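Data file: input.txt. Format and content: compact mmCIF, C-alpha atoms.
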# COMPACT_ATOMS: atom_id res chain seq x y z
CA MET A 1 37.60 1.96 235.33
CA SER A 2 37.76 5.23 237.25
CA THR A 3 39.54 5.49 240.57
CA PRO A 4 37.20 6.39 243.44
CA PHE A 5 37.81 9.73 245.10
CA TYR A 6 39.81 9.25 248.29
CA VAL A 7 39.21 11.21 251.50
CA SER A 8 41.29 10.47 254.57
CA PRO A 9 39.35 9.29 257.64
CA GLN A 10 40.58 12.32 259.59
CA GLN A 11 39.29 14.72 256.95
CA ALA A 12 35.98 12.90 256.64
CA MET A 13 35.37 13.06 260.39
CA ALA A 14 36.40 16.71 260.52
CA ASP A 15 33.95 17.53 257.73
CA ARG A 16 31.13 15.70 259.51
CA ALA A 17 31.91 17.49 262.77
CA GLU A 18 31.93 20.88 261.05
CA TYR A 19 28.61 20.10 259.36
CA ALA A 20 27.01 19.18 262.69
CA ARG A 21 28.45 22.19 264.54
CA LYS A 22 27.11 24.64 261.96
CA GLY A 23 23.64 23.11 262.20
CA ILE A 24 23.69 23.31 266.00
CA ALA A 25 24.92 26.92 266.00
CA ARG A 26 21.90 27.99 263.96
CA GLY A 27 19.57 26.98 266.81
CA ARG A 28 18.59 29.24 269.68
CA SER A 29 20.52 28.67 272.88
CA VAL A 30 19.49 26.72 275.97
CA VAL A 31 20.90 27.47 279.43
CA VAL A 32 20.84 25.11 282.42
CA LEU A 33 21.72 26.39 285.90
CA GLN A 34 21.87 24.90 289.36
CA TYR A 35 20.10 26.85 292.09
CA THR A 36 19.53 26.17 295.76
CA ASP A 37 16.39 24.02 295.28
CA GLY A 38 17.29 22.21 292.07
CA VAL A 39 18.05 22.80 288.40
CA VAL A 40 16.43 25.36 286.09
CA PHE A 41 16.23 25.10 282.28
CA VAL A 42 15.82 28.30 280.26
CA ALA A 43 15.49 28.24 276.47
CA GLU A 44 14.77 30.94 273.94
CA ASN A 45 11.76 29.37 272.28
CA PRO A 46 8.71 31.38 271.14
CA SER A 47 6.84 28.19 270.13
CA ARG A 48 4.34 26.84 272.65
CA ALA A 49 3.92 23.54 270.79
CA LEU A 50 7.50 22.44 270.04
CA HIS A 51 9.38 22.02 273.32
CA LYS A 52 13.16 22.12 273.70
CA VAL A 53 12.94 21.12 277.38
CA SER A 54 11.05 18.00 278.47
CA GLU A 55 10.64 15.54 281.32
CA ILE A 56 12.20 12.09 280.95
CA TYR A 57 11.51 10.46 284.33
CA ASP A 58 10.91 11.26 288.00
CA ARG A 59 14.06 13.31 288.64
CA ILE A 60 15.44 13.55 285.11
CA ALA A 61 14.90 16.17 282.41
CA PHE A 62 16.17 16.68 278.87
CA ALA A 63 17.06 19.80 276.88
CA ALA A 64 18.28 20.02 273.31
CA VAL A 65 19.14 22.34 270.44
CA GLY A 66 19.40 21.64 266.73
CA LYS A 67 16.99 19.88 264.39
CA TYR A 68 13.70 19.29 266.15
CA ASN A 69 12.81 15.99 264.49
CA GLU A 70 16.20 14.51 265.40
CA PHE A 71 16.27 15.44 269.08
CA GLU A 72 12.57 14.58 269.43
CA ASN A 73 13.38 11.03 268.30
CA LEU A 74 16.12 10.89 270.91
CA ARG A 75 13.77 12.20 273.61
CA ILE A 76 11.16 9.56 272.84
CA GLY A 77 13.82 6.85 272.91
CA GLY A 78 15.01 8.12 276.29
CA VAL A 79 11.48 8.02 277.73
CA ARG A 80 11.03 4.43 276.51
CA TYR A 81 14.39 3.40 277.98
CA ALA A 82 13.55 4.98 281.35
CA ASP A 83 10.06 3.48 281.51
CA LEU A 84 11.29 0.00 280.62
CA ARG A 85 14.18 0.08 283.07
CA GLY A 86 12.04 1.48 285.87
CA TYR A 87 9.35 -1.16 285.28
CA THR A 88 11.79 -4.07 284.94
CA TYR A 89 14.01 -3.20 287.90
CA ASP A 90 13.25 -0.25 290.16
CA ARG A 91 12.52 3.44 289.70
CA GLU A 92 15.74 4.29 291.54
CA ASP A 93 17.71 2.43 288.85
CA VAL A 94 16.82 5.08 286.25
CA THR A 95 19.62 7.65 286.41
CA ALA A 96 20.87 10.53 284.29
CA ARG A 97 24.23 8.81 284.00
CA GLY A 98 22.67 5.69 282.50
CA LEU A 99 20.53 7.72 280.13
CA ALA A 100 23.53 9.81 279.05
CA ASN A 101 25.45 6.62 278.24
CA VAL A 102 22.58 5.39 276.06
CA TYR A 103 22.44 8.72 274.20
CA ALA A 104 26.23 8.72 273.81
CA GLN A 105 26.16 5.30 272.16
CA THR A 106 23.41 6.35 269.77
CA LEU A 107 25.01 9.66 268.78
CA GLY A 108 28.46 8.09 268.47
CA THR A 109 27.20 5.32 266.18
CA ILE A 110 25.38 7.78 263.94
CA PHE A 111 28.34 10.17 263.82
CA SER A 112 30.84 7.48 262.81
CA SER A 113 28.56 5.86 260.24
CA ALA A 114 29.27 6.89 256.68
CA ALA A 115 25.84 5.70 255.55
CA GLU A 116 23.99 8.72 257.00
CA LYS A 117 24.65 12.28 258.01
CA PRO A 118 25.46 13.09 261.65
CA TYR A 119 22.71 14.37 263.88
CA GLU A 120 22.68 18.16 264.18
CA VAL A 121 21.83 18.11 267.88
CA GLU A 122 23.42 18.83 271.23
CA LEU A 123 21.77 17.46 274.36
CA ILE A 124 21.71 18.15 278.09
CA VAL A 125 20.55 15.49 280.54
CA ALA A 126 20.10 16.59 284.15
CA GLU A 127 19.05 14.84 287.34
CA VAL A 128 18.17 16.55 290.61
CA GLY A 129 19.42 14.93 293.81
CA SER A 130 18.36 15.17 297.41
CA ALA A 131 21.03 17.87 297.95
CA PRO A 132 22.78 20.32 295.60
CA GLU A 133 26.00 18.29 295.62
CA ASP A 134 24.03 15.28 294.33
CA ASP A 135 22.74 17.06 291.20
CA GLN A 136 24.03 15.72 287.88
CA ILE A 137 24.27 17.60 284.56
CA TYR A 138 25.66 15.99 281.41
CA ARG A 139 26.23 17.66 278.05
CA LEU A 140 26.33 15.46 274.95
CA PRO A 141 27.71 16.98 271.73
CA HIS A 142 26.94 15.66 268.27
CA ASP A 143 29.78 13.08 268.30
CA GLY A 144 28.49 11.17 271.33
CA SER A 145 31.07 12.30 273.86
CA ILE A 146 29.90 13.03 277.42
CA VAL A 147 30.88 16.15 279.36
CA ASP A 148 30.12 16.27 283.09
CA GLU A 149 29.06 19.85 283.88
CA HIS A 150 28.73 21.69 287.18
CA GLY A 151 26.95 24.91 288.05
CA SER A 152 25.94 26.11 284.61
CA VAL A 153 26.04 25.05 280.97
CA ALA A 154 24.88 26.50 277.64
CA VAL A 155 24.39 24.85 274.25
CA GLY A 156 23.43 26.12 270.80
CA GLY A 157 23.72 29.57 269.28
CA ASN A 158 26.65 31.53 270.72
CA ALA A 159 27.16 28.98 273.51
CA ASP A 160 30.83 29.86 274.11
CA GLN A 161 30.06 33.50 274.84
CA ILE A 162 27.08 32.60 277.04
CA SER A 163 29.09 29.98 278.96
CA SER A 164 31.83 32.50 279.66
CA TYR A 165 29.26 34.99 280.93
CA LEU A 166 27.68 32.37 283.20
CA ASP A 167 30.99 31.11 284.58
CA GLN A 168 31.86 34.62 285.77
CA ARG A 169 28.52 35.27 287.48
CA HIS A 170 26.99 31.99 288.60
CA ARG A 171 27.39 31.12 292.27
CA ASP A 172 26.18 28.46 294.65
CA GLY A 173 23.04 29.10 296.68
CA MET A 174 21.21 31.24 294.12
CA THR A 175 17.43 31.48 294.41
CA LEU A 176 15.23 30.53 291.48
CA ALA A 177 14.55 34.18 290.67
CA GLU A 178 18.28 35.01 290.73
CA ALA A 179 19.18 32.03 288.53
CA LEU A 180 16.40 32.88 286.07
CA LYS A 181 17.54 36.50 285.90
CA LEU A 182 21.12 35.41 285.17
CA ALA A 183 19.97 32.95 282.51
CA VAL A 184 17.86 35.58 280.74
CA GLU A 185 20.71 38.09 280.88
CA SER A 186 23.07 35.58 279.26
CA LEU A 187 20.59 34.68 276.53
CA SER A 188 19.96 38.38 275.82
CA ARG A 189 23.57 38.99 274.79
CA ASP A 190 24.16 38.72 271.04
CA THR A 191 27.38 37.94 269.20
CA ASN A 192 28.10 41.65 268.59
CA GLY A 193 28.18 42.46 272.30
CA GLY A 194 24.77 44.14 272.36
CA GLU A 195 21.76 43.16 274.40
CA ARG A 196 18.21 42.26 273.46
CA THR A 197 15.05 42.23 275.50
CA LEU A 198 13.53 38.78 276.00
CA THR A 199 9.95 38.63 277.25
CA ALA A 200 8.17 35.78 279.01
CA GLU A 201 6.47 34.87 275.70
CA GLN A 202 9.86 34.20 274.10
CA LEU A 203 11.10 31.88 276.83
CA GLU A 204 10.58 28.25 277.74
CA VAL A 205 11.36 27.67 281.41
CA ALA A 206 11.20 24.51 283.50
CA THR A 207 12.70 23.26 286.75
CA LEU A 208 13.65 20.08 288.53
CA ASP A 209 12.60 21.11 292.03
CA ARG A 210 13.87 18.87 294.81
CA THR A 211 11.40 20.43 297.31
CA ARG A 212 8.30 19.16 295.49
CA PRO A 213 6.54 16.56 297.67
CA GLN A 214 5.55 14.34 294.75
CA GLN A 215 7.85 11.81 293.13
CA ARG A 216 7.99 13.71 289.83
CA LYS A 217 10.17 16.79 290.28
CA PHE A 218 9.75 18.33 286.81
CA LYS A 219 7.65 21.47 286.54
CA ARG A 220 7.11 24.01 283.79
CA ILE A 221 7.01 27.69 284.73
CA LEU A 222 4.45 29.42 282.55
CA GLY A 223 2.34 32.52 282.20
CA ARG A 224 1.82 34.68 285.24
CA GLN A 225 4.29 32.79 287.44
CA LEU A 226 7.09 33.33 284.91
CA SER A 227 6.20 37.00 284.49
CA LEU A 228 6.26 37.49 288.26
CA LEU A 229 9.69 35.89 288.55
CA LEU A 230 11.04 38.08 285.75
CA ASP A 231 9.44 41.22 287.20
CA GLU A 232 10.75 40.47 290.69
CA HIS A 233 14.33 41.25 289.81
CA ALA A 234 13.43 43.93 287.29
CA THR A 235 11.70 45.80 290.13
CA ALA A 236 14.65 45.22 292.45
CA ASP A 237 17.10 46.53 289.85
CA ALA A 238 14.97 49.63 289.36
CA GLU A 239 14.78 50.27 293.11
CA GLU A 240 18.54 50.11 293.67
CA PRO A 241 19.41 53.31 291.72
CA ALA A 242 16.50 55.09 293.39
CA ALA A 243 17.77 54.05 296.83
CA ASP A 244 21.28 55.22 295.94
CA ALA A 245 19.95 58.55 294.73
CA ALA A 246 17.94 59.00 297.92
CA ALA A 247 21.03 58.24 300.02
CA ASP A 248 23.06 60.78 298.04
CA ALA A 249 20.32 63.37 298.50
CA ASP A 250 20.25 62.76 302.27
CA ALA A 251 24.02 63.09 302.42
CA GLY A 252 23.90 66.33 300.45
CA ALA A 253 21.22 67.73 302.73
CA SER A 254 23.32 66.82 305.76
CA ASP A 255 26.33 68.63 304.32
CA GLU A 256 24.32 71.75 303.58
CA GLY A 257 22.76 71.65 307.02
CA GLY A 258 26.21 71.45 308.59
CA LYS A 259 27.50 74.50 306.73
CA GLY A 260 27.79 77.61 308.86
CA LYS A 261 30.12 80.46 309.33
CA GLY A 262 33.02 78.09 309.68
CA SER A 263 32.50 76.78 306.13
CA LYS A 264 32.94 80.09 304.43
CA GLY A 265 36.70 79.92 304.32
CA LYS A 266 36.49 76.47 302.64
CA ASP A 267 34.12 77.75 300.00
CA ASP A 268 36.36 80.72 299.29
CA SER A 269 39.43 78.54 298.90
CA GLU A 270 37.59 76.26 296.44
CA GLY A 271 36.57 79.30 294.43
CA GLU A 272 40.17 80.37 294.13
CA SER A 273 41.81 77.09 293.21
CA GLY A 274 38.85 75.38 291.42
CA PRO A 275 37.33 71.91 292.09
CA LYS A 276 39.60 68.87 291.92
CA LEU A 277 38.70 66.76 288.93
Written as structure tokens, that's how I'd like the structure from this file.
Amino acid sequence: MSTPFYVSPQQAMADRAEYARKGIARGRSVVVLQYTDGVVFVAENPSRALHKVSEIYDRIAFAAVGKYNEFENLRIGGVRYADLRGYTYDREDVTARGLANVYAQTLGTIFSSAAEKPYEVELIVAEVGSAPEDDQIYRLPHDGSIVDEHGSVAVGGNADQISSYLDQRHRDGMTLAEALKLAVESLSRDTNGGERTLTAEQLEVATLDRTRPQQRKFKRILGRQLSLLLDEHATADAEEPAADAAADADAGASDEGGKGKGSKGKDDSEGESGPKL
């Protein structure tokens, strides 16, 4: 009788975690940012049929990276949980915290089970509050742990590099256009330090907007509206160098206009000693 091959529990769990992390890293990144009127989700996703960002309930949205069939099953389960709880109790009883706990239990059970492979997914569950300090963002890695995030968060792809970029530049009170611009800039950075150009057709953008009068706060930003938001800051960035150049030209004209006989000695001295570099 042969002796079964032994693997320590620590090594088995490490191997499962590495397997899941590699699968998640192959997916395109998703960025979630808080802005003054809510929470914006920005994903690099050229597909118009397969969504990485979706609505769960009135004030709650879901974003994911990894294997589509796996996180789609989780999304559907979250919608069913929210609908049942809201119908049985009250709509106010459906919260992002409760949904994150349900997802954590599911992912943790699958990850620790030796009967099946771990899910290659990483989730974000966000809820918009009545004020910015009431917003909630939870990140759920493949092992079912819960991380309470604030301000900004990135998952999938080169998430560490993107998160570092966002932490340095994100600030409270950003407008939607400013937050979208920052998200696109972070997603455009590749692992080699270069930058790509992402167009509106390559992005999936949605918001949880606390200012919407209806009960459901989730809204997708598509087509012309998305292009206008992206062009708004592109135009502003292009106008800034032009304004600086115009100011420099006005200053130069003022200097030349002020030159008279009294400036001759200065010009002669510069010609003798040379400009200071």
Write out as CSV the residues of range 26-91 of chain A that have any atom within 6 Å of an atom of range 141-152 of chain A, one row each with the nearest atom pair and its distance in Å to one decimal, counting only C-alpha atoms, sorted by chain and then rising number.
residue,atom,partner,partner_atom,distance
A:Val32,CA,A:Ser152,CA,5.6
A:Leu33,CA,A:Ser152,CA,4.4
A:Gln34,CA,A:Gly151,CA,5.2
What does the distance between CA of Phe41 in chain A and CA of Val205 in chain A come to in Å, to one decimal place?
5.6 Å
Of the candidates A:Ala159, A:Ile110, A:Ala12, A:Ala25, which shows the shortest atom-to-atom distance to Arg189 in chain A, using all atoms listed in the file?
A:Ala159
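Nearest to Gly78 in chain A of all the residues A:Glu204, A:Leu123, A:Met13, A:Ser113 is A:Leu123, counting all atoms listed in the file.
Minimum distance to Asp37 in chain A across A:Arg216, A:Arg139, A:Arg210, A:His51 (counting all atoms listed in the file) occurs at A:Arg210.
Between CA of Asn45 in chain A and CA of Gly108 in chain A the separation is 27.3 Å.
Between CA of Ala20 in chain A and CA of Glu120 in chain A the separation is 4.7 Å.
The shortest atom-to-atom distance to Arg169 in chain A, with only C-alpha atoms taken into account, belongs to A:Ser186 out of A:Ala114, A:Gly156, A:Ser186, A:Glu133.
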Determine, counting all atoms listed in the file, which protein, DNA and RNA residues have an atom within 8 Å of an atom of Ala154 in chain A; residues of the same chain fewer than 5 positions away are not included. Present the result as a CSV table (one decimal) with C-alpha atoms, in the coordinates of the input.
chain,number,residue,atom,x,y,z
A,29,SER,CA,20.5,28.7,272.9
A,30,VAL,CA,19.5,26.7,276.0
A,31,VAL,CA,20.9,27.5,279.4
A,32,VAL,CA,20.8,25.1,282.4
A,159,ALA,CA,27.2,29.0,273.5
A,160,ASP,CA,30.8,29.9,274.1
A,162,ILE,CA,27.1,32.6,277.0
A,163,SER,CA,29.1,30.0,279.0
Residue completion, range 143-154 of chain A, all heavy atoms, as a PDB file, in the frame of the given file:
ATOM      1  N   ASP A 143      28.961  14.264 268.566  1.00  0.00           N
ATOM      2  CA  ASP A 143      29.780  13.080 268.300  1.00  0.00           C
ATOM      3  C   ASP A 143      29.619  11.987 269.348  1.00  0.00           C
ATOM      4  O   ASP A 143      30.278  10.956 269.276  1.00  0.00           O
ATOM      5  CB  ASP A 143      31.257  13.481 268.194  1.00  0.00           C
ATOM      6  CG  ASP A 143      31.778  14.145 269.460  1.00  0.00           C
ATOM      7  OD1 ASP A 143      30.986  14.356 270.391  1.00  0.00           O
ATOM      8  OD2 ASP A 143      32.989  14.475 269.495  1.00  0.00           O
ATOM      9  N   GLY A 144      28.751  12.206 270.341  1.00  0.00           N
ATOM     10  CA  GLY A 144      28.490  11.170 271.330  1.00  0.00           C
ATOM     11  C   GLY A 144      29.383  11.207 272.547  1.00  0.00           C
ATOM     12  O   GLY A 144      29.253  10.338 273.412  1.00  0.00           O
ATOM     13  N   SER A 145      30.257  12.180 272.650  1.00  0.00           N
ATOM     14  CA  SER A 145      31.070  12.300 273.860  1.00  0.00           C
ATOM     15  C   SER A 145      30.200  12.823 275.004  1.00  0.00           C
ATOM     16  O   SER A 145      29.152  13.424 274.784  1.00  0.00           O
ATOM     17  CB  SER A 145      32.262  13.229 273.621  1.00  0.00           C
ATOM     18  OG  SER A 145      31.817  14.491 273.152  1.00  0.00           O
ATOM     19  N   ILE A 146      30.633  12.603 276.235  1.00  0.00           N
ATOM     20  CA  ILE A 146      29.900  13.030 277.420  1.00  0.00           C
ATOM     21  C   ILE A 146      30.760  14.004 278.218  1.00  0.00           C
ATOM     22  O   ILE A 146      31.927  13.711 278.512  1.00  0.00           O
ATOM     23  CB  ILE A 146      29.506  11.838 278.319  1.00  0.00           C
ATOM     24  CG1 ILE A 146      28.657  10.834 277.549  1.00  0.00           C
ATOM     25  CG2 ILE A 146      28.744  12.320 279.543  1.00  0.00           C
ATOM     26  CD1 ILE A 146      28.269   9.614 278.365  1.00  0.00           C
ATOM     27  N   VAL A 147      30.178  15.155 278.560  1.00  0.00           N
ATOM     28  CA  VAL A 147      30.880  16.150 279.360  1.00  0.00           C
ATOM     29  C   VAL A 147      30.093  16.344 280.659  1.00  0.00           C
ATOM     30  O   VAL A 147      28.910  16.700 280.620  1.00  0.00           O
ATOM     31  CB  VAL A 147      31.005  17.493 278.611  1.00  0.00           C
ATOM     32  CG1 VAL A 147      31.799  18.486 279.452  1.00  0.00           C
ATOM     33  CG2 VAL A 147      31.658  17.288 277.249  1.00  0.00           C
ATOM     34  N   ASP A 148      30.740  16.100 281.774  1.00  0.00           N
ATOM     35  CA  ASP A 148      30.120  16.270 283.090  1.00  0.00           C
ATOM     36  C   ASP A 148      30.222  17.737 283.486  1.00  0.00           C
ATOM     37  O   ASP A 148      31.328  18.264 283.670  1.00  0.00           O
ATOM     38  CB  ASP A 148      30.829  15.381 284.099  1.00  0.00           C
ATOM     39  CG  ASP A 148      30.131  15.353 285.444  1.00  0.00           C
ATOM     40  OD1 ASP A 148      29.037  15.941 285.561  1.00  0.00           O
ATOM     41  OD2 ASP A 148      30.672  14.741 286.386  1.00  0.00           O
ATOM     42  N   GLU A 149      29.086  18.405 283.609  1.00  0.00           N
ATOM     43  CA  GLU A 149      29.060  19.850 283.880  1.00  0.00           C
ATOM     44  C   GLU A 149      28.663  20.106 285.325  1.00  0.00           C
ATOM     45  O   GLU A 149      27.979  19.301 285.958  1.00  0.00           O
ATOM     46  CB  GLU A 149      28.082  20.554 282.946  1.00  0.00           C
ATOM     47  CG  GLU A 149      28.379  20.382 281.462  1.00  0.00           C
ATOM     48  CD  GLU A 149      29.537  21.249 280.983  1.00  0.00           C
ATOM     49  OE1 GLU A 149      30.091  22.017 281.808  1.00  0.00           O
ATOM     50  OE2 GLU A 149      29.883  21.181 279.790  1.00  0.00           O
ATOM     51  N   HIS A 150      29.076  21.271 285.829  1.00  0.00           N
ATOM     52  CA  HIS A 150      28.730  21.690 287.180  1.00  0.00           C
ATOM     53  C   HIS A 150      28.357  23.162 287.176  1.00  0.00           C
ATOM     54  O   HIS A 150      29.004  23.970 286.518  1.00  0.00           O
ATOM     55  CB  HIS A 150      29.899  21.449 288.143  1.00  0.00           C
ATOM     56  CG  HIS A 150      30.328  20.028 288.256  1.00  0.00           C
ATOM     57  ND1 HIS A 150      29.675  19.113 289.055  1.00  0.00           N
ATOM     58  CD2 HIS A 150      31.335  19.352 287.649  1.00  0.00           C
ATOM     59  CE1 HIS A 150      30.267  17.937 288.952  1.00  0.00           C
ATOM     60  NE2 HIS A 150      31.279  18.052 288.104  1.00  0.00           N
ATOM     61  N   GLY A 151      27.321  23.510 287.900  1.00  0.00           N
ATOM     62  CA  GLY A 151      26.950  24.910 288.050  1.00  0.00           C
ATOM     63  C   GLY A 151      26.086  25.433 286.938  1.00  0.00           C
ATOM     64  O   GLY A 151      24.910  25.724 287.115  1.00  0.00           O
ATOM     65  N   SER A 152      26.670  25.550 285.751  1.00  0.00           N
ATOM     66  CA  SER A 152      25.940  26.110 284.610  1.00  0.00           C
ATOM     67  C   SER A 152      26.487  25.540 283.318  1.00  0.00           C
ATOM     68  O   SER A 152      27.652  25.145 283.239  1.00  0.00           O
ATOM     69  CB  SER A 152      26.048  27.644 284.595  1.00  0.00           C
ATOM     70  OG  SER A 152      27.401  28.042 284.423  1.00  0.00           O
ATOM     71  N   VAL A 153      25.638  25.519 282.294  1.00  0.00           N
ATOM     72  CA  VAL A 153      26.040  25.050 280.970  1.00  0.00           C
ATOM     73  C   VAL A 153      25.113  25.679 279.939  1.00  0.00           C
ATOM     74  O   VAL A 153      23.935  25.930 280.215  1.00  0.00           O
ATOM     75  CB  VAL A 153      25.991  23.495 280.897  1.00  0.00           C
ATOM     76  CG1 VAL A 153      24.594  22.976 281.203  1.00  0.00           C
ATOM     77  CG2 VAL A 153      26.463  23.002 279.548  1.00  0.00           C
ATOM     78  N   ALA A 154      25.665  25.953 278.754  1.00  0.00           N
ATOM     79  CA  ALA A 154      24.880  26.500 277.640  1.00  0.00           C
ATOM     80  C   ALA A 154      25.206  25.726 276.384  1.00  0.00           C
ATOM     81  O   ALA A 154      26.356  25.313 276.172  1.00  0.00           O
ATOM     82  CB  ALA A 154      25.194  27.985 277.440  1.00  0.00           C
TER      83      ALA A 154
END
